Each structure stands twice: as C-alpha cells, then as structure tokens.
file protein-v1.cif (mmCIF, C-alpha atoms)
data_query
#
loop_
_atom_site.group_PDB
_atom_site.id
_atom_site.type_symbol
_atom_site.label_atom_id
_atom_site.label_comp_id
_atom_site.auth_asym_id
_atom_site.auth_seq_id
_atom_site.Cartn_x
_atom_site.Cartn_y
_atom_site.Cartn_z
ATOM 1 C CA MET A 1 79.059 88.801 93.066
ATOM 2 C CA ARG A 2 79.382 86.808 96.263
ATOM 3 C CA GLN A 3 82.870 86.124 97.574
ATOM 4 C CA PHE A 4 83.999 83.161 99.652
ATOM 5 C CA LYS A 5 86.806 82.791 102.131
ATOM 6 C CA CYS A 6 89.727 80.525 101.224
ATOM 7 C CA GLN A 7 90.314 78.122 104.111
ATOM 8 C CA TYR A 8 94.068 78.185 103.586
ATOM 9 C CA CYS A 9 95.038 81.837 103.095
ATOM 10 C CA LYS A 10 91.819 83.317 104.568
ATOM 11 C CA ASN A 11 91.455 85.775 101.652
ATOM 12 C CA LYS A 12 88.117 86.188 99.906
ATOM 13 C CA ASP A 13 87.560 85.564 96.221
ATOM 14 C CA ILE A 14 84.805 84.666 93.756
ATOM 15 C CA ASP A 15 83.583 81.089 93.453
ATOM 16 C CA GLU A 16 85.033 80.542 89.947
ATOM 17 C CA LYS A 17 88.581 80.911 91.273
ATOM 18 C CA MET A 18 88.008 78.372 94.044
ATOM 19 C CA VAL A 19 88.060 74.588 94.428
ATOM 20 C CA ILE A 20 85.309 73.160 96.617
ATOM 21 C CA VAL A 21 86.260 70.330 98.964
ATOM 22 C CA LYS A 22 83.639 68.502 101.015
ATOM 23 C CA HIS A 23 84.433 68.115 104.722
ATOM 24 C CA GLY A 24 81.517 66.190 106.155
ATOM 25 C CA LYS A 25 78.450 68.329 105.543
ATOM 26 C CA GLN A 26 80.458 71.491 104.925
ATOM 27 C CA ASN A 27 81.975 72.773 101.710
ATOM 28 C CA LYS A 28 85.388 74.354 102.133
ATOM 29 C CA ARG A 29 86.909 76.464 99.412
ATOM 30 C CA TYR A 30 90.550 76.900 98.396
ATOM 31 C CA HIS A 31 92.119 78.998 95.656
ATOM 32 C CA LYS A 32 92.558 76.720 92.628
ATOM 33 C CA VAL A 33 96.240 77.161 91.977
ATOM 34 C CA GLU A 34 98.324 78.081 94.987
ATOM 35 C CA CYS A 35 96.248 77.346 98.083
ATOM 36 C CA TYR A 36 94.758 74.037 96.938
ATOM 37 C CA ASP A 37 98.211 72.651 96.089
ATOM 38 C CA LEU A 38 99.496 73.731 99.512
ATOM 39 C CA TYR A 39 96.421 72.183 101.151
ATOM 40 C CA ILE A 40 97.059 68.849 99.373
ATOM 41 C CA LYS A 41 100.752 68.873 100.404
ATOM 42 C CA ASP A 42 99.746 69.677 103.978
ATOM 43 C CA GLN A 43 97.263 66.794 104.032
ATOM 44 C CA GLU A 44 99.901 64.389 102.689
ATOM 45 C CA PHE A 45 102.370 65.593 105.332
ATOM 46 C CA LYS A 46 99.803 65.091 108.110
ATOM 47 C CA GLN A 47 98.973 61.606 106.842
ATOM 48 C CA GLN A 48 102.681 60.687 106.772
ATOM 49 C CA GLU A 49 103.121 62.073 110.306
ATOM 50 C CA LYS A 50 100.170 60.010 111.486
ATOM 51 C CA LEU A 51 101.656 56.812 110.018
ATOM 52 C CA GLU A 52 105.060 57.532 111.568
ATOM 53 C CA LEU A 53 103.438 58.196 114.963
ATOM 54 C CA ASP A 54 101.570 54.890 114.745
ATOM 55 C CA GLU A 55 104.854 53.104 113.965
ATOM 56 C CA LEU A 56 106.525 54.873 116.907
ATOM 57 C CA VAL A 57 103.763 53.767 119.274
ATOM 58 C CA GLU A 58 104.176 50.161 118.111
ATOM 59 C CA VAL A 59 107.943 50.370 118.677
ATOM 60 C CA ILE A 60 107.413 51.803 122.182
ATOM 61 C CA LYS A 61 104.972 49.011 123.020
ATOM 62 C CA GLU A 62 107.413 46.382 121.730
ATOM 63 C CA VAL A 63 110.484 47.827 123.475
ATOM 64 C CA HIS A 64 108.729 48.247 126.819
ATOM 65 C CA GLY A 65 106.680 45.065 126.622
ATOM 66 C CA ILE A 66 103.392 46.875 127.230
ATOM 67 C CA GLU A 67 100.048 46.582 125.471
ATOM 68 C CA VAL A 68 98.918 50.210 125.645
ATOM 69 C CA VAL A 69 100.832 53.485 125.721
ATOM 70 C CA PRO A 70 99.095 55.809 128.239
ATOM 71 C CA PRO A 71 97.478 58.815 126.562
ATOM 72 C CA GLN A 72 99.308 61.183 128.950
ATOM 73 C CA PHE A 73 102.629 60.102 127.409
ATOM 74 C CA PHE A 74 101.757 61.491 123.969
ATOM 75 C CA SER A 75 102.400 65.058 125.144
ATOM 76 C CA TYR A 76 105.999 64.038 125.945
ATOM 77 C CA LEU A 77 106.383 62.586 122.465
ATOM 78 C CA GLN A 78 104.913 65.772 120.971
ATOM 79 C CA ASP A 79 107.414 67.892 122.920
ATOM 80 C CA LEU A 80 110.241 65.811 121.495
ATOM 81 C CA ARG A 81 108.758 66.055 117.978
ATOM 82 C CA ASN A 82 108.180 69.793 118.218
ATOM 83 C CA GLY A 83 111.516 70.621 119.814
ATOM 84 C CA ASN A 84 110.059 72.101 123.005
ATOM 85 C CA GLN A 85 112.593 72.320 125.820
ATOM 86 C CA LEU A 86 110.433 73.123 128.839
ATOM 87 C CA PHE A 87 108.032 70.386 129.884
ATOM 88 C CA GLY A 88 104.876 71.458 131.661
ATOM 89 C CA LYS A 89 105.945 75.105 131.685
ATOM 90 C CA VAL A 90 104.870 77.875 129.394
ATOM 91 C CA GLY A 91 107.752 78.287 127.028
ATOM 92 C CA GLN A 92 108.208 79.104 123.406
ATOM 93 C CA LYS A 93 105.845 76.784 121.556
ATOM 94 C CA LYS A 94 107.300 75.255 118.436
ATOM 95 C CA SER A 95 105.724 73.145 115.757
ATOM 96 C CA LYS A 96 107.476 70.244 114.019
ATOM 97 C CA SER A 97 110.930 71.761 114.494
ATOM 98 C CA GLY A 98 112.308 68.956 116.658
ATOM 99 C CA TYR A 99 113.070 65.389 115.621
ATOM 100 C CA SER A 100 110.950 63.337 113.249
ATOM 101 C CA TYR A 101 108.906 60.424 114.550
ATOM 102 C CA LYS A 102 111.067 58.198 112.369
ATOM 103 C CA ALA A 103 114.239 59.355 114.158
ATOM 104 C CA ILE A 104 112.592 58.917 117.567
ATOM 105 C CA SER A 105 111.434 55.432 116.601
ATOM 106 C CA MET A 106 114.908 54.430 115.413
ATOM 107 C CA THR A 107 116.381 55.770 118.661
ATOM 108 C CA TYR A 108 114.020 53.612 120.726
ATOM 109 C CA GLU A 109 115.013 50.566 118.671
ATOM 110 C CA GLU A 110 118.744 51.273 118.900
ATOM 111 C CA ASN A 111 118.598 51.798 122.680
ATOM 112 C CA LYS A 112 116.491 48.728 123.401
ATOM 113 C CA ASP A 113 119.265 47.168 125.508
ATOM 114 C CA THR A 114 119.704 50.289 127.650
ATOM 115 C CA ILE A 115 115.945 50.521 128.152
ATOM 116 C CA ASN A 116 115.742 46.837 129.122
ATOM 117 C CA TRP A 117 118.605 47.292 131.569
ATOM 118 C CA ALA A 118 116.791 50.256 133.175
ATOM 119 C CA LYS A 119 113.559 48.269 133.320
ATOM 120 C CA ASN A 120 115.247 45.355 135.083
ATOM 121 C CA ASN A 121 117.570 47.257 137.440
ATOM 122 C CA ARG A 122 115.552 50.282 138.530
ATOM 123 C CA ASP A 123 112.374 50.536 140.519
ATOM 124 C CA PHE A 124 109.597 52.476 138.780
ATOM 125 C CA ASN A 125 106.245 53.492 140.246
ATOM 126 C CA GLY A 126 104.203 52.436 137.237
ATOM 127 C CA THR A 127 104.363 52.450 133.483
ATOM 128 C CA MET A 128 104.256 56.212 133.144
ATOM 129 C CA ASN A 129 107.430 56.710 135.215
ATOM 130 C CA LEU A 130 109.186 54.033 133.165
ATOM 131 C CA LEU A 131 108.127 55.719 129.913
ATOM 132 C CA LYS A 132 109.304 59.136 131.136
ATOM 133 C CA TYR A 133 112.667 57.712 132.164
ATOM 134 C CA THR A 134 113.228 55.929 128.862
ATOM 135 C CA ARG A 135 112.048 59.010 126.984
ATOM 136 C CA ALA A 136 114.880 60.904 128.672
ATOM 137 C CA ILE A 137 117.316 58.245 127.407
ATOM 138 C CA VAL A 138 115.882 58.659 123.908
ATOM 139 C CA ALA A 139 115.994 62.471 124.124
ATOM 140 C CA ASP A 140 119.694 62.212 124.956
ATOM 141 C CA LYS A 141 120.474 59.962 121.947
ATOM 142 C CA VAL A 142 118.001 61.136 119.289
ATOM 143 C CA GLY A 143 120.271 63.921 118.020
ATOM 144 C CA GLN A 144 122.897 61.398 116.962
ATOM 145 C CA VAL A 145 120.339 59.228 115.183
ATOM 146 C CA ALA A 146 118.764 62.225 113.436
ATOM 147 C CA TYR A 147 122.203 63.343 112.258
ATOM 148 C CA ARG A 148 122.902 59.885 110.807
ATOM 149 C CA ILE A 149 119.532 59.885 109.027
ATOM 150 C CA GLU A 150 120.187 63.345 107.558
ATOM 151 C CA SER A 151 123.700 62.314 106.478
ATOM 152 C CA ARG A 152 122.363 59.180 104.816
ATOM 153 C CA ASP A 153 119.662 61.175 103.023
ATOM 154 C CA ARG A 154 122.178 63.793 101.855
ATOM 155 C CA LYS A 155 124.458 61.027 100.590
ATOM 156 C CA ARG A 156 121.594 59.453 98.645
ATOM 157 C CA GLU A 157 120.643 62.817 97.140
ATOM 158 C CA PHE A 158 124.262 63.436 96.156
ATOM 159 C CA GLU A 159 124.584 59.999 94.571
ATOM 160 C CA LYS A 160 121.314 60.497 92.715
ATOM 161 C CA ALA A 161 122.390 63.932 91.462
ATOM 162 C CA THR A 162 125.779 62.564 90.417
ATOM 163 C CA GLU A 163 124.111 59.696 88.575
ATOM 164 C CA GLN A 164 121.738 62.073 86.797
ATOM 165 C CA GLN A 165 124.619 64.348 85.878
ATOM 166 C CA ALA A 166 126.600 61.414 84.496
ATOM 167 C CA GLU A 167 123.583 60.295 82.455
ATOM 168 C CA SER A 168 123.164 63.778 80.989
ATOM 169 C CA VAL A 169 126.869 63.888 80.062
ATOM 170 C CA PHE A 170 126.605 60.491 78.339
ATOM 171 C CA GLU A 171 123.474 61.631 76.493
ATOM 172 C CA HIS A 172 125.286 64.773 75.386
ATOM 173 C CA ILE A 173 128.282 62.751 74.162
ATOM 174 C CA ASN A 174 126.042 60.301 72.305
ATOM 175 C CA LYS A 175 124.226 63.155 70.550
ATOM 176 C CA GLN A 176 127.475 64.614 69.222
ATOM 177 C CA PRO A 177 128.167 63.728 65.587
ATOM 178 C CA LYS A 178 130.954 61.212 65.195
ATOM 179 C CA LYS A 179 134.030 62.491 63.381
ATOM 180 C CA TYR A 180 136.329 59.892 61.955
ATOM 181 C CA LYS A 181 139.776 60.803 60.799
ATOM 182 C CA LYS A 182 140.557 59.459 57.357
ATOM 183 C CA THR A 183 143.796 57.595 57.186
ATOM 184 C CA ASP A 184 146.140 57.766 54.302
ATOM 185 C CA SER A 185 145.835 54.433 52.571
ATOM 186 C CA LYS A 186 149.314 54.751 51.058
ATOM 187 C CA LYS A 187 150.968 54.470 54.443
ATOM 188 C CA ASP A 188 151.257 51.226 56.242
ATOM 189 C CA ALA A 189 153.096 49.986 59.303
ATOM 190 C CA SER A 190 156.306 49.348 57.380
ATOM 191 C CA SER A 191 156.917 53.082 56.997
ATOM 192 C CA PHE A 192 157.495 53.339 60.736
ATOM 193 C CA LEU A 193 160.071 50.518 60.802
ATOM 194 C CA ASP A 194 163.065 52.216 59.245
#
call {"tool": "encode", "arguments": {"input": "protein-v1.cif", "output": "structure tokens"}}
result
Amino acid sequence: MRQFKCQYCKNKDIDEKMVIVKHGKQNKRYHKVECYDLYIKDQEFKQQEKLELDELVEVIKEVHGIEVVPPQFFSYLQDLRNGNQLFGKVGQKKSKSGYSYKAISMTYEENKDTINWAKNNRDFNGTMNLLKYTRAIVADKVGQVAYRIESRDRKREFEKATEQQAESVFEHINKQPKKYKKTDSKKDASSFLD
C-alpha cells in the first residue's frame, strides 16, 4: 500500500489516516488527528499575525505621517518581533520570541509625542533614518508596554477563573437538599421573657 508524507510531521502513513488539503494544484496530506489540528492552529496563528502586522503598519504610517512604509524597514520590525538582538549580523536567529505586533503597535501609539518631537527637532536623511530612529525609541519602551499587556491579560484570566469558581460553588450549594429545622410549636417568644 502506498504511503504519503505528512506535511506537518514529515512521517509517512497510508492515505486512510490522512486529511487531504488542496494548496493550489497540489494536494497536501496531514495526519487526521494530531497534525491536522496543529496545522489549523498554525494557520490561525499566522492569519492573526498578518492582521496585527497590517494594523502595526497603519499605526506607523499614521504616527509618522507617511503614506508608505519602505519594504526595507520590515526586517527591523521582524527583528523586534522575533527578539533578535544583533541587527545585520549573524546572530542567534529566533522566531516569534520577542514582542507581539500588538505590543509594538501600542508602543508606537503611546510614544507618538516623543516621535513627533524627534521628527520636528532632529535632522534625518530620509524616511528610513527617521523610521530607524523611532524604532529605537519603541524598542526601548516596548518591554514596559508588553508587561502591562501581560499583566492585564493575567488579571482578566484570574477574574474569569474566580467568576467560574464562584459560579460552580453557587451551583453546588443550590444542588444541596434544603434541610429545615422544625421548631417546637409549644414554645413562643414569651418563654424567653422571664
């Protein structure tokens, strides 16, 4: 029986254990259970990254008052996203271990005044030099913004978990049978007033 290579894990298997996905004119196969689910999650992550990058580019254009971000500048954004420390030098390549595009975008927005001040008070030899300079400002501040985002997300998760825990406690209490204590009908309040 013919075996096919899974595009995700690169292991071979029979066709019945694979999901076929069309990519243009090619059919790519993934293991039905584990690899296909990972492939779908990876595609969703890449789509989200693409949307966040588009938003970041729009923020950069707005903050700098330019119509087009030069294509050469994207490598600087990728270095910031990936967490690479050495620019233009062969260093340890990382992938998506730096700051999110969302954090970078928020940092550009929060430092709009500083960027405008630099634009108006410094002399730059073109748009690319201006973008590199302001990227350095953002690189200096992005850690603080990323920390605030993470703290906010952790707080939301904690509040959500606390709310869910409280709901489960209330459900548990409501499921308990009610026990009422019978009172002695012969006693009344006058027996306490001696």
call {"tool": "closest_atom_pairs", "arguments": {"input": "protein-v1.cif", "of": "range 3-97 of chain A", "to": "range 128-147 of chain A", "cutoff": "12 Å", "atoms": "all atoms listed in the file", "output": "Markdown table"}}
result
| residue | atom | partner | partner_atom | distance |
| --- | --- | --- | --- | --- |
| A:Val57 | CA | A:Leu131 | CA | 11.7 |
| A:Ile60 | CA | A:Leu131 | CA | 8.7 |
| A:Lys61 | CA | A:Leu131 | CA | 10.1 |
| A:Val63 | CA | A:Thr134 | CA | 10.1 |
| A:His64 | CA | A:Leu131 | CA | 8.1 |
| A:Gly65 | CA | A:Leu131 | CA | 11.2 |
| A:Ile66 | CA | A:Leu131 | CA | 10.4 |
| A:Val68 | CA | A:Met128 | CA | 11.0 |
| A:Val69 | CA | A:Met128 | CA | 8.6 |
| A:Pro70 | CA | A:Met128 | CA | 7.1 |
| A:Pro71 | CA | A:Met128 | CA | 9.8 |
| A:Gln72 | CA | A:Met128 | CA | 8.2 |
| A:Phe73 | CA | A:Met128 | CA | 7.1 |
| A:Phe74 | CA | A:Leu131 | CA | 10.5 |
| A:Ser75 | CA | A:Lys132 | CA | 10.9 |
| A:Tyr76 | CA | A:Lys132 | CA | 7.9 |
| A:Leu77 | CA | A:Arg135 | CA | 8.1 |
| A:Gln78 | CA | A:Arg135 | CA | 11.5 |
| A:Asp79 | CA | A:Ala139 | CA | 10.2 |
| A:Leu80 | CA | A:Ala139 | CA | 7.2 |
| A:Arg81 | CA | A:Ala139 | CA | 10.1 |
| A:Gly83 | CA | A:Ala139 | CA | 10.2 |
| A:Asn84 | CA | A:Ala139 | CA | 11.4 |
| A:Gln85 | CA | A:Ala139 | CA | 10.6 |
| A:Phe87 | CA | A:Lys132 | CA | 11.4 |
call {"tool": "closest_atom_pairs", "arguments": {"input": "protein-v1.cif", "of": "range 13-109 of chain A", "to": "range 148-163 of chain A", "cutoff": "10 Å", "atoms": "only C-alpha atoms", "output": "JSON lines"}}
result
{"residue": "A:Lys102", "atom": "CA", "partner": "A:Ile149", "partner_atom": "CA", "distance": 9.3}
{"residue": "A:Ala103", "atom": "CA", "partner": "A:Ile149", "partner_atom": "CA", "distance": 7.4}
{"residue": "A:Met106", "atom": "CA", "partner": "A:Ile149", "partner_atom": "CA", "distance": 9.6}
call {"tool": "closest_residue", "arguments": {"input": "protein-v1.cif", "among": "A:Glu52, A:Phe124, A:Tyr39, A:Arg29", "to": "Asn11 in chain A", "atoms": "all atoms listed in the file"}}
result
A:Arg29
call {"tool": "axis_aligned_box", "arguments": {"input": "protein-v1.cif", "around": "range 142-150 of chain A", "padding_each_side": "4 Å", "output": "AutoDock Vina command-line options"}}
result
--center_x 120.5 --center_y 61.6 --center_z 113.4 --size_x 12.9 --size_y 12.7 --size_z 19.7
call {"tool": "residues_around", "arguments": {"input": "protein-v1.cif", "residues": "Ile14 in chain A", "least_positions_apart": "3", "cutoff": "7 Å", "atoms": "only C-alpha atoms", "output": "PyMOL selection string"}}
result
chain A and resi 2-4+17
call {"tool": "atom_distance", "arguments": {"input": "protein-v1.cif", "atom1": "CA of Lys46 in chain A", "atom2": "CA of Tyr8 in chain A"}}
result
15.0 Å
call {"tool": "atom_distance", "arguments": {"input": "protein-v1.cif", "atom1": "CA of Asp54 in chain A", "atom2": "CA of Glu109 in chain A"}}
result
14.7 Å
call {"tool": "closest_residue", "arguments": {"input": "protein-v1.cif", "among": "A:Met1, A:Cys9, A:Val169, A:Ile104", "to": "Glu55 in chain A", "atoms": "only C-alpha atoms"}}
result
A:Ile104
call {"tool": "atom_distance", "arguments": {"input": "protein-v1.cif", "atom1": "CA of Lys28 in chain A", "atom2": "CA of Gln7 in chain A"}}
result
6.5 Å
call {"tool": "closest_residue", "arguments": {"input": "protein-v1.cif", "among": "A:Asn27, A:Tyr99, A:Glu171, A:Asn120", "to": "Lys5 in chain A", "atoms": "only C-alpha atoms"}}
result
A:Asn27
call {"tool": "closest_residue", "arguments": {"input": "protein-v1.cif", "among": "A:Thr114, A:Ser100, A:Ser168, A:Thr107", "to": "Leu51 in chain A", "atoms": "all atoms listed in the file"}}
result
A:Ser100
